[in-house]
Amino acid sequence: MPERHVVLIHGAWAGSWVWDGLLDGLRSAGFTPHAVDLPGNGSDDTPATAVSLESYAAHVCTVIDQLEGPIQMVAHSGGGMTATAVAETRAERIAGVSYVAGMMLPSGLSFAEACAELVSTAPEVSGVGPFLQRSADGLGTRVPAEIACALFFHDVPLPQALAAAQRLGVQPDSGRAVVARWTAERYGRLPRLYIECSTDRSVVPAVQRWMQELVPGAERVTLDCGHAPQLAAPDRLLASLLPFFSRHPDPVF
(Lines give C-alpha, C1' and ligand atoms only; values in the text may rest on other atoms or scores of the structure.)
Protein backbone atom coordinates (compact mmCIF):
# COMPACT_ATOMS: atom_id res chain seq x y z
CA MET A 1 0.00 0.00 0.00
CA PRO A 2 1.45 3.41 -0.92
CA GLU A 3 2.15 5.84 1.86
CA ARG A 4 -0.65 8.35 2.38
CA HIS A 5 0.38 11.95 2.92
CA VAL A 6 -1.37 15.00 4.33
CA VAL A 7 0.16 18.38 3.49
CA LEU A 8 -0.98 21.04 5.97
CA ILE A 9 -0.84 24.72 4.97
CA HIS A 10 -1.11 27.46 7.57
CA GLY A 11 -2.82 30.82 7.14
CA ALA A 12 -1.62 34.41 7.38
CA TRP A 13 0.64 35.43 10.30
CA ALA A 14 0.96 31.80 11.41
CA GLY A 15 3.32 28.90 10.79
CA SER A 16 3.45 25.13 10.72
CA TRP A 17 3.15 25.11 14.52
CA VAL A 18 -0.62 25.69 14.31
CA TRP A 19 -1.02 22.06 13.21
CA ASP A 20 0.92 20.48 16.08
CA GLY A 21 -2.22 19.23 17.81
CA LEU A 22 -3.33 17.33 14.72
CA LEU A 23 -0.13 15.48 13.84
CA ASP A 24 -0.33 12.53 16.23
CA GLY A 25 -3.95 11.87 15.31
CA LEU A 26 -3.12 11.81 11.62
CA ARG A 27 -0.24 9.41 12.23
CA SER A 28 -2.46 7.14 14.31
CA ALA A 29 -4.96 7.08 11.42
CA GLY A 30 -2.26 5.90 9.02
CA PHE A 31 -1.27 9.19 7.40
CA THR A 32 2.08 10.91 7.21
CA PRO A 33 1.60 14.62 7.94
CA HIS A 34 3.75 17.37 6.48
CA ALA A 35 3.10 20.77 8.08
CA VAL A 36 4.83 23.34 5.92
CA ASP A 37 6.18 26.77 6.77
CA LEU A 38 5.48 29.14 3.91
CA PRO A 39 8.45 31.26 2.80
CA GLY A 40 8.85 34.57 4.60
CA ASN A 41 6.45 33.73 7.41
CA GLY A 42 8.97 33.63 10.21
CA SER A 43 10.71 30.30 9.82
CA ASP A 44 13.32 31.32 7.24
CA ASP A 45 15.14 34.38 5.96
CA THR A 46 13.09 34.93 2.80
CA PRO A 47 12.70 38.71 2.46
CA ALA A 48 9.20 40.15 2.25
CA THR A 49 9.97 41.43 -1.24
CA ALA A 50 10.41 37.83 -2.45
CA VAL A 51 7.12 36.56 -1.05
CA SER A 52 4.24 35.87 -3.44
CA LEU A 53 1.56 33.29 -4.09
CA GLU A 54 3.92 31.83 -6.69
CA SER A 55 6.69 31.41 -4.11
CA TYR A 56 4.25 29.84 -1.67
CA ALA A 57 2.94 27.40 -4.28
CA ALA A 58 6.42 26.53 -5.52
CA HIS A 59 7.52 25.74 -1.96
CA VAL A 60 4.56 23.40 -1.37
CA CYS A 61 5.06 21.78 -4.79
CA THR A 62 8.67 21.05 -3.83
CA VAL A 63 7.43 19.26 -0.72
CA ILE A 64 4.92 17.25 -2.74
CA ASP A 65 7.45 16.34 -5.42
CA GLN A 66 9.62 14.65 -2.79
CA LEU A 67 6.79 12.34 -1.72
CA GLU A 68 5.37 9.18 -3.22
CA GLY A 69 1.72 8.28 -2.94
CA PRO A 70 -1.54 10.24 -2.82
CA ILE A 71 -1.66 13.69 -1.26
CA GLN A 72 -4.44 15.21 0.80
CA MET A 73 -4.05 18.96 1.24
CA VAL A 74 -5.53 20.75 4.23
CA ALA A 75 -5.43 24.55 4.28
CA HIS A 76 -6.44 26.98 6.98
CA SER A 77 -7.78 30.48 6.33
CA GLY A 78 -5.59 32.36 3.84
CA GLY A 79 -3.64 29.19 3.17
CA GLY A 80 -6.57 28.19 1.01
CA MET A 81 -5.26 30.38 -1.79
CA THR A 82 -1.97 28.50 -1.79
CA ALA A 83 -3.75 25.15 -1.71
CA THR A 84 -5.84 26.10 -4.73
CA ALA A 85 -2.78 27.19 -6.69
CA VAL A 86 -0.92 23.99 -5.81
CA ALA A 87 -3.92 21.82 -6.64
CA GLU A 88 -4.13 23.36 -10.11
CA THR A 89 -0.41 22.76 -10.71
CA ARG A 90 -0.18 19.26 -9.21
CA ALA A 91 -3.70 18.00 -9.84
CA GLU A 92 -2.43 14.53 -10.78
CA ARG A 93 -1.01 14.07 -7.28
CA ILE A 94 -3.91 15.42 -5.22
CA ALA A 95 -6.61 13.14 -3.80
CA GLY A 96 -8.53 16.00 -2.19
CA VAL A 97 -8.37 19.54 -0.86
CA SER A 98 -9.84 20.50 2.52
CA TYR A 99 -10.43 24.12 3.50
CA VAL A 100 -10.64 24.93 7.22
CA ALA A 101 -12.48 28.27 7.29
CA GLY A 102 -10.33 28.70 4.21
CA MET A 103 -10.28 31.01 1.23
CA MET A 104 -11.88 28.94 -1.53
CA LEU A 105 -12.48 31.36 -4.37
CA PRO A 106 -13.27 31.49 -8.08
CA SER A 107 -10.33 31.74 -10.42
CA GLY A 108 -8.97 35.28 -10.60
CA LEU A 109 -10.94 36.65 -7.64
CA SER A 110 -9.24 38.04 -4.53
CA PHE A 111 -10.60 37.65 -1.02
CA ALA A 112 -11.13 41.41 -0.74
CA GLU A 113 -13.14 41.43 -3.95
CA ALA A 114 -15.19 38.47 -2.80
CA CYS A 115 -16.05 40.24 0.46
CA ALA A 116 -16.75 43.67 -1.05
CA GLU A 117 -20.41 42.87 -1.75
CA LEU A 118 -21.02 41.86 1.88
CA VAL A 119 -19.16 44.62 3.72
CA SER A 120 -21.86 47.26 3.38
CA THR A 121 -24.50 45.09 5.05
CA ALA A 122 -22.24 43.09 7.38
CA PRO A 123 -19.31 45.14 8.72
CA GLU A 124 -18.01 42.12 10.65
CA VAL A 125 -16.90 40.74 7.29
CA SER A 126 -13.84 42.94 7.68
CA GLY A 127 -12.60 40.56 10.37
CA VAL A 128 -9.14 41.37 11.64
CA GLY A 129 -8.45 43.97 8.95
CA PRO A 130 -9.23 47.15 10.93
CA PHE A 131 -6.96 46.07 13.80
CA LEU A 132 -3.76 45.24 11.91
CA GLN A 133 -0.52 47.04 12.66
CA ARG A 134 2.08 47.80 10.00
CA SER A 135 5.45 46.07 10.31
CA ALA A 136 8.57 48.18 10.83
CA ASP A 137 9.57 47.89 7.16
CA GLY A 138 6.08 48.78 5.95
CA LEU A 139 5.90 45.60 3.83
CA GLY A 140 3.59 43.59 6.05
CA THR A 141 1.30 43.53 9.05
CA ARG A 142 1.08 42.17 12.57
CA VAL A 143 -1.93 41.12 14.62
CA PRO A 144 -1.86 42.53 18.19
CA ALA A 145 -1.96 39.71 20.71
CA GLU A 146 -5.19 40.90 22.34
CA ILE A 147 -6.90 41.04 18.94
CA ALA A 148 -5.65 37.57 18.02
CA CYS A 149 -7.07 36.20 21.27
CA ALA A 150 -10.41 37.91 20.65
CA LEU A 151 -10.84 37.11 16.96
CA PHE A 152 -8.73 34.03 16.21
CA PHE A 153 -8.49 32.11 19.47
CA HIS A 154 -11.49 33.17 21.57
CA ASP A 155 -12.52 29.55 22.22
CA VAL A 156 -8.98 28.26 22.86
CA PRO A 157 -7.97 27.83 26.54
CA LEU A 158 -6.46 31.15 27.60
CA PRO A 159 -2.85 30.03 28.24
CA GLN A 160 -2.77 28.29 24.85
CA ALA A 161 -4.47 31.25 23.17
CA LEU A 162 -1.91 33.68 24.58
CA ALA A 163 0.96 31.44 23.50
CA ALA A 164 -0.45 31.16 19.99
CA ALA A 165 -1.07 34.90 19.76
CA GLN A 166 2.52 35.60 20.72
CA ARG A 167 3.82 33.20 18.07
CA LEU A 168 2.06 35.00 15.24
CA GLY A 169 4.56 36.79 13.03
CA VAL A 170 4.65 39.44 10.36
CA GLN A 171 2.61 38.59 7.28
CA PRO A 172 4.06 40.10 4.08
CA ASP A 173 1.38 41.95 2.12
CA SER A 174 2.55 40.26 -1.07
CA GLY A 175 1.63 36.88 0.40
CA ARG A 176 -1.79 37.98 1.58
CA ALA A 177 -3.23 40.09 -1.25
CA VAL A 178 -3.11 37.24 -3.76
CA VAL A 179 -5.24 35.78 -6.52
CA ALA A 180 -5.27 32.09 -7.46
CA ARG A 181 -6.08 31.04 -11.00
CA TRP A 182 -7.42 27.60 -11.82
CA THR A 183 -9.21 25.64 -14.50
CA ALA A 184 -12.29 23.43 -14.44
CA GLU A 185 -10.27 20.68 -16.12
CA ARG A 186 -7.69 20.42 -13.32
CA TYR A 187 -8.49 21.94 -9.92
CA GLY A 188 -12.17 21.91 -10.79
CA ARG A 189 -12.25 18.11 -10.94
CA LEU A 190 -10.73 17.52 -7.51
CA PRO A 191 -12.80 16.50 -4.49
CA ARG A 192 -13.10 19.34 -1.98
CA LEU A 193 -14.21 19.60 1.62
CA TYR A 194 -15.17 22.86 3.30
CA ILE A 195 -15.05 22.85 7.10
CA GLU A 196 -17.15 25.73 8.39
CA CYS A 197 -16.38 27.27 11.77
CA SER A 198 -19.71 28.51 13.05
CA THR A 199 -18.44 30.99 15.65
CA ASP A 200 -15.54 32.31 13.58
CA ARG A 201 -14.89 36.01 14.21
CA SER A 202 -12.22 36.36 11.53
CA VAL A 203 -13.52 34.67 8.39
CA VAL A 204 -17.10 34.98 9.59
CA PRO A 205 -19.71 32.34 8.74
CA ALA A 206 -21.43 34.61 6.20
CA VAL A 207 -18.18 34.83 4.25
CA GLN A 208 -17.56 31.09 4.51
CA ARG A 209 -20.99 30.37 3.06
CA TRP A 210 -20.52 33.04 0.39
CA MET A 211 -17.32 31.40 -0.82
CA GLN A 212 -19.06 28.04 -1.01
CA GLU A 213 -21.75 29.60 -3.16
CA LEU A 214 -19.10 31.16 -5.39
CA VAL A 215 -17.30 27.83 -5.83
CA PRO A 216 -20.02 25.17 -5.45
CA GLY A 217 -19.44 21.46 -5.22
CA ALA A 218 -17.48 21.05 -1.99
CA GLU A 219 -18.61 18.65 0.68
CA ARG A 220 -19.40 20.48 3.91
CA VAL A 221 -18.88 19.90 7.61
CA THR A 222 -19.83 22.50 10.23
CA LEU A 223 -17.95 22.69 13.52
CA ASP A 224 -19.20 24.72 16.46
CA CYS A 225 -15.93 26.54 17.01
CA GLY A 226 -13.95 29.66 16.21
CA HIS A 227 -11.35 30.39 13.57
CA ALA A 228 -8.73 27.84 14.64
CA PRO A 229 -10.25 24.41 15.31
CA GLN A 230 -6.79 22.85 15.03
CA LEU A 231 -6.11 24.57 18.36
CA ALA A 232 -9.59 24.72 19.91
CA ALA A 233 -10.96 21.36 18.80
CA PRO A 234 -8.29 19.20 17.13
CA ASP A 235 -10.14 15.94 17.78
CA ARG A 236 -13.32 17.23 16.15
CA LEU A 237 -11.35 18.63 13.24
CA LEU A 238 -9.61 15.29 12.74
CA ALA A 239 -12.96 13.48 12.90
CA SER A 240 -14.21 15.78 10.13
CA LEU A 241 -11.22 15.21 7.88
CA LEU A 242 -10.74 11.45 8.11
CA PRO A 243 -14.06 10.38 6.51
CA PHE A 244 -13.33 12.71 3.57
CA PHE A 245 -9.88 11.19 3.19
CA SER A 246 -11.44 7.71 3.20
CA ARG A 247 -14.00 8.62 0.55
CA HIS A 248 -11.28 10.02 -1.71
CA PRO A 249 -8.18 7.89 -1.26
CA ASP A 250 -6.64 8.40 -4.69
CA PRO A 251 -6.13 11.18 -7.23
CA VAL A 252 -8.87 11.39 -9.87
CA PHE A 253 -6.42 11.82 -12.75
# chains A, B, ... in the order shown; residues from 1 in each chain; ligands from 1
>>> residues_around(residues="segment 26-37 of chain A", least_positions_apart="2", cutoff="10 Å", atoms="only C-alpha atoms", output="PyMOL selection string")
chain A and resi 3-11+14-24+39-44+56+59-60+63-64+71-74+238+241-242+245
>>> write_last_selection(atoms="N, CA, C and O atoms", output="short mmCIF file (atom, residue, chain, number, x, y, z; two decimals), in the first residue's frame")
data_model
loop_
_atom_site.label_atom_id
_atom_site.label_comp_id
_atom_site.auth_asym_id
_atom_site.auth_seq_id
_atom_site.Cartn_x
_atom_site.Cartn_y
_atom_site.Cartn_z
N GLU A 3 2.26 4.95 0.72
CA GLU A 3 2.15 5.84 1.86
C GLU A 3 1.14 6.94 1.56
O GLU A 3 1.05 7.42 0.43
N ARG A 4 0.37 7.32 2.55
CA ARG A 4 -0.65 8.35 2.38
C ARG A 4 -0.20 9.61 3.12
O ARG A 4 0.09 9.56 4.31
N HIS A 5 -0.18 10.71 2.39
CA HIS A 5 0.38 11.95 2.92
C HIS A 5 -0.70 13.02 3.10
O HIS A 5 -1.64 13.10 2.30
N VAL A 6 -0.53 13.83 4.11
CA VAL A 6 -1.37 15.00 4.33
C VAL A 6 -0.45 16.22 4.42
O VAL A 6 0.41 16.29 5.31
N VAL A 7 -0.61 17.15 3.50
CA VAL A 7 0.16 18.38 3.49
C VAL A 7 -0.70 19.47 4.11
O VAL A 7 -1.81 19.75 3.63
N LEU A 8 -0.21 20.08 5.18
CA LEU A 8 -0.98 21.04 5.97
C LEU A 8 -0.41 22.44 5.74
O LEU A 8 0.80 22.67 5.94
N ILE A 9 -1.27 23.37 5.34
CA ILE A 9 -0.84 24.72 4.97
C ILE A 9 -1.47 25.73 5.93
O ILE A 9 -2.70 25.80 6.06
N HIS A 10 -0.63 26.49 6.59
CA HIS A 10 -1.11 27.46 7.57
C HIS A 10 -1.63 28.73 6.88
O HIS A 10 -1.40 28.95 5.69
N GLY A 11 -2.30 29.56 7.65
CA GLY A 11 -2.82 30.82 7.14
C GLY A 11 -1.91 31.98 7.44
O GLY A 11 -0.77 31.82 7.89
N ALA A 14 0.70 33.02 10.63
CA ALA A 14 0.96 31.80 11.41
C ALA A 14 2.14 31.03 10.83
O ALA A 14 2.93 31.53 10.03
N GLY A 15 2.27 29.79 11.26
CA GLY A 15 3.32 28.90 10.79
C GLY A 15 2.89 27.47 10.96
O GLY A 15 1.77 27.17 11.41
N SER A 16 3.79 26.55 10.66
CA SER A 16 3.45 25.13 10.72
C SER A 16 3.03 24.70 12.12
O SER A 16 2.30 23.72 12.29
N TRP A 17 3.45 25.46 13.13
CA TRP A 17 3.15 25.11 14.52
C TRP A 17 1.65 25.03 14.81
O TRP A 17 1.24 24.35 15.76
N VAL A 18 0.82 25.71 14.01
CA VAL A 18 -0.62 25.69 14.31
C VAL A 18 -1.22 24.29 14.17
O VAL A 18 -2.30 24.02 14.69
N TRP A 19 -0.51 23.40 13.46
CA TRP A 19 -1.02 22.06 13.21
C TRP A 19 -0.52 21.03 14.22
O TRP A 19 -0.85 19.84 14.11
N ASP A 20 0.28 21.45 15.19
CA ASP A 20 0.92 20.48 16.08
C ASP A 20 -0.08 19.54 16.75
O ASP A 20 0.20 18.34 16.92
N GLY A 21 -1.24 20.05 17.12
CA GLY A 21 -2.22 19.23 17.81
C GLY A 21 -2.92 18.20 16.95
O GLY A 21 -3.66 17.36 17.46
N LEU A 22 -2.68 18.25 15.65
CA LEU A 22 -3.33 17.33 14.72
C LEU A 22 -2.40 16.21 14.26
O LEU A 22 -2.86 15.20 13.72
N LEU A 23 -1.11 16.37 14.46
CA LEU A 23 -0.13 15.48 13.84
C LEU A 23 -0.21 14.05 14.37
O LEU A 23 -0.22 13.09 13.58
N ASP A 24 -0.28 13.88 15.67
CA ASP A 24 -0.33 12.53 16.23
C ASP A 24 -1.59 11.80 15.79
O ASP A 24 -1.55 10.59 15.49
N PRO A 39 7.28 30.38 2.83
CA PRO A 39 8.45 31.26 2.80
C PRO A 39 8.12 32.67 3.30
O PRO A 39 7.08 33.24 2.94
N GLY A 40 9.01 33.20 4.13
CA GLY A 40 8.85 34.57 4.60
C GLY A 40 7.88 34.74 5.74
O GLY A 40 7.58 35.86 6.13
N ASN A 41 7.40 33.63 6.31
CA ASN A 41 6.45 33.73 7.41
C ASN A 41 7.09 33.39 8.75
O ASN A 41 6.45 32.82 9.63
N GLY A 42 8.36 33.72 8.90
CA GLY A 42 8.97 33.63 10.21
C GLY A 42 9.90 32.48 10.44
O GLY A 42 10.64 32.48 11.42
N SER A 43 9.88 31.47 9.57
CA SER A 43 10.71 30.30 9.82
C SER A 43 11.97 30.29 8.96
O SER A 43 12.79 29.39 9.08
N ASP A 44 12.13 31.25 8.07
CA ASP A 44 13.32 31.32 7.24
C ASP A 44 13.68 32.79 7.00
O ASP A 44 13.05 33.69 7.56
N TYR A 56 4.93 30.77 -2.57
CA TYR A 56 4.25 29.84 -1.67
C TYR A 56 3.95 28.52 -2.38
O TYR A 56 4.24 27.43 -1.86
N HIS A 59 6.98 26.39 -3.16
CA HIS A 59 7.52 25.74 -1.96
C HIS A 59 6.71 24.48 -1.64
O HIS A 59 7.30 23.41 -1.37
N VAL A 60 5.39 24.56 -1.68
CA VAL A 60 4.56 23.40 -1.37
C VAL A 60 4.73 22.34 -2.45
O VAL A 60 4.78 21.13 -2.16
N VAL A 63 7.72 20.27 -1.74
CA VAL A 63 7.43 19.26 -0.72
C VAL A 63 6.72 18.06 -1.33
O VAL A 63 7.11 16.90 -1.12
N ILE A 64 5.69 18.32 -2.13
CA ILE A 64 4.92 17.25 -2.74
C ILE A 64 5.78 16.41 -3.67
O ILE A 64 5.67 15.17 -3.71
N ILE A 71 -1.80 12.52 -2.12
CA ILE A 71 -1.66 13.69 -1.26
C ILE A 71 -3.04 14.25 -0.93
O ILE A 71 -3.83 14.54 -1.83
N GLN A 72 -3.32 14.40 0.35
CA GLN A 72 -4.44 15.21 0.80
C GLN A 72 -3.87 16.55 1.24
O GLN A 72 -2.89 16.60 1.99
N MET A 73 -4.46 17.64 0.77
CA MET A 73 -4.05 18.96 1.24
C MET A 73 -5.11 19.52 2.17
O MET A 73 -6.31 19.43 1.87
N VAL A 74 -4.65 20.11 3.27
CA VAL A 74 -5.53 20.75 4.23
C VAL A 74 -5.01 22.17 4.43
O VAL A 74 -3.83 22.36 4.76
N LEU A 238 -10.10 16.55 13.29
CA LEU A 238 -9.61 15.29 12.74
C LEU A 238 -10.77 14.38 12.35
O LEU A 238 -10.75 13.76 11.27
N LEU A 241 -12.10 15.42 9.03
CA LEU A 241 -11.22 15.21 7.88
C LEU A 241 -11.13 13.74 7.46
O LEU A 241 -11.14 13.43 6.26
N LEU A 242 -11.04 12.84 8.44
CA LEU A 242 -10.74 11.45 8.11
C LEU A 242 -11.79 10.78 7.21
O LEU A 242 -11.42 10.05 6.27
N PHE A 245 -11.06 11.88 3.71
CA PHE A 245 -9.88 11.19 3.19
C PHE A 245 -10.24 9.77 2.75
O PHE A 245 -9.76 9.30 1.71
#
>>> select_by_dssp(residues="segment 29-220 of chain A", states="alpha helix (DSSP H)", output="VMD selection string")
chain A and resid 53 to 65 79 to 89 111 to 119 145 to 151 158 to 167 205 to 214
>>> residues_around(residues="segment 87-98 of chain A", least_positions_apart="3", cutoff="7 Å", atoms="only C-alpha atoms", output="list in words")
Pro70, Ile71, Gln72, Met73, Val74, Ala75, Ala83, Thr84, Trp182, Arg186, Tyr187, Leu190, Pro191, Arg192, Leu193, Tyr194, His248, Pro249, Asp250, Pro251, Val252 and Phe253 of chain A
>>> atom_distance(atom1="atom CA of Phe244 of chain A", atom2="atom CA of Gly79 of chain A")
19.1 Å
>>> select_by_dssp(residues="segment 45-234 of chain A", states="strand (DSSP E or B)", output="ChimeraX atom specification")
/A:71-76,94-100,133-134,140-142,171-172,192-197,219-223
>>> write_last_selection(atoms="N, CA and C atoms", output="CSV table (one decimal), in the first residue's frame")
chain,number,residue,atom,x,y,z
A,71,ILE,N,-1.8,12.5,-2.1
A,71,ILE,CA,-1.7,13.7,-1.3
A,71,ILE,C,-3.0,14.2,-0.9
A,72,GLN,N,-3.3,14.4,0.3
A,72,GLN,CA,-4.4,15.2,0.8
A,72,GLN,C,-3.9,16.6,1.2
A,73,MET,N,-4.5,17.6,0.8
A,73,MET,CA,-4.1,19.0,1.2
A,73,MET,C,-5.1,19.5,2.2
A,74,VAL,N,-4.6,20.1,3.3
A,74,VAL,CA,-5.5,20.8,4.2
A,74,VAL,C,-5.0,22.2,4.4
A,75,ALA,N,-5.9,23.2,4.2
A,75,ALA,CA,-5.4,24.6,4.3
A,75,ALA,C,-6.3,25.3,5.2
A,76,HIS,N,-5.7,26.2,6.0
A,76,HIS,CA,-6.4,27.0,7.0
A,76,HIS,C,-6.5,28.4,6.5
A,94,ILE,N,-3.0,15.0,-6.3
A,94,ILE,CA,-3.9,15.4,-5.2
A,94,ILE,C,-5.2,14.6,-5.2
A,95,ALA,N,-5.4,13.9,-4.0
A,95,ALA,CA,-6.6,13.1,-3.8
A,95,ALA,C,-7.8,14.0,-3.3
A,96,GLY,N,-7.5,15.1,-2.7
A,96,GLY,CA,-8.5,16.0,-2.2
A,96,GLY,C,-7.9,17.2,-1.6
A,97,VAL,N,-8.8,18.3,-1.5
A,97,VAL,CA,-8.4,19.5,-0.9
A,97,VAL,C,-9.4,19.9,0.2
A,98,SER,N,-9.0,20.1,1.4
A,98,SER,CA,-9.8,20.5,2.5
A,98,SER,C,-9.5,21.9,3.0
A,99,TYR,N,-10.6,22.7,3.1
A,99,TYR,CA,-10.4,24.1,3.5
A,99,TYR,C,-11.0,24.3,4.9
A,100,VAL,N,-10.2,24.7,5.9
A,100,VAL,CA,-10.6,24.9,7.2
A,100,VAL,C,-10.9,26.4,7.4
A,133,GLN,N,-1.6,46.1,12.5
A,133,GLN,CA,-0.5,47.0,12.7
A,133,GLN,C,0.5,46.8,11.6
A,134,ARG,N,1.1,47.9,11.0
A,134,ARG,CA,2.1,47.8,10.0
A,134,ARG,C,3.4,47.3,10.6
A,140,GLY,N,4.5,44.6,5.5
A,140,GLY,CA,3.6,43.6,6.1
A,140,GLY,C,2.8,44.1,7.2
A,141,THR,N,2.1,43.2,7.9
A,141,THR,CA,1.3,43.5,9.1
A,141,THR,C,1.5,42.5,10.2
A,142,ARG,N,1.1,43.0,11.4
A,142,ARG,CA,1.1,42.2,12.6
A,142,ARG,C,-0.3,42.2,13.1
A,171,GLN,N,3.1,39.1,8.5
A,171,GLN,CA,2.6,38.6,7.3
A,171,GLN,C,2.9,39.6,6.2
A,172,PRO,N,3.8,39.2,5.2
A,172,PRO,CA,4.1,40.1,4.1
A,172,PRO,C,2.8,40.4,3.3
A,192,ARG,N,-13.4,18.3,-2.9
A,192,ARG,CA,-13.1,19.3,-2.0
A,192,ARG,C,-14.0,19.2,-0.8
A,193,LEU,N,-13.5,19.6,0.4
A,193,LEU,CA,-14.2,19.6,1.6
A,193,LEU,C,-14.1,21.0,2.2
A,194,TYR,N,-15.2,21.6,2.6
A,194,TYR,CA,-15.2,22.9,3.3
A,194,TYR,C,-15.6,22.6,4.7
A,195,ILE,N,-14.7,23.0,5.7
A,195,ILE,CA,-15.0,22.9,7.1
A,195,ILE,C,-15.4,24.2,7.6
A,196,GLU,N,-16.7,24.4,7.9
A,196,GLU,CA,-17.2,25.7,8.4
A,196,GLU,C,-16.9,25.8,9.9
A,197,CYS,N,-16.6,27.0,10.3
A,197,CYS,CA,-16.4,27.3,11.8
A,197,CYS,C,-17.5,28.3,12.2
A,219,GLU,N,-17.9,19.2,-0.5
A,219,GLU,CA,-18.6,18.6,0.7
A,219,GLU,C,-18.5,19.6,1.9
A,220,ARG,N,-19.4,19.5,2.8
A,220,ARG,CA,-19.4,20.5,3.9
A,220,ARG,C,-19.5,19.8,5.3
A,221,VAL,N,-18.7,20.3,6.2
A,221,VAL,CA,-18.9,19.9,7.6
A,221,VAL,C,-18.9,21.2,8.4
A,222,THR,N,-19.8,21.3,9.4
A,222,THR,CA,-19.8,22.5,10.2
A,222,THR,C,-19.4,22.1,11.6
A,223,LEU,N,-18.4,22.9,12.1
A,223,LEU,CA,-18.0,22.7,13.5
A,223,LEU,C,-18.4,23.9,14.3
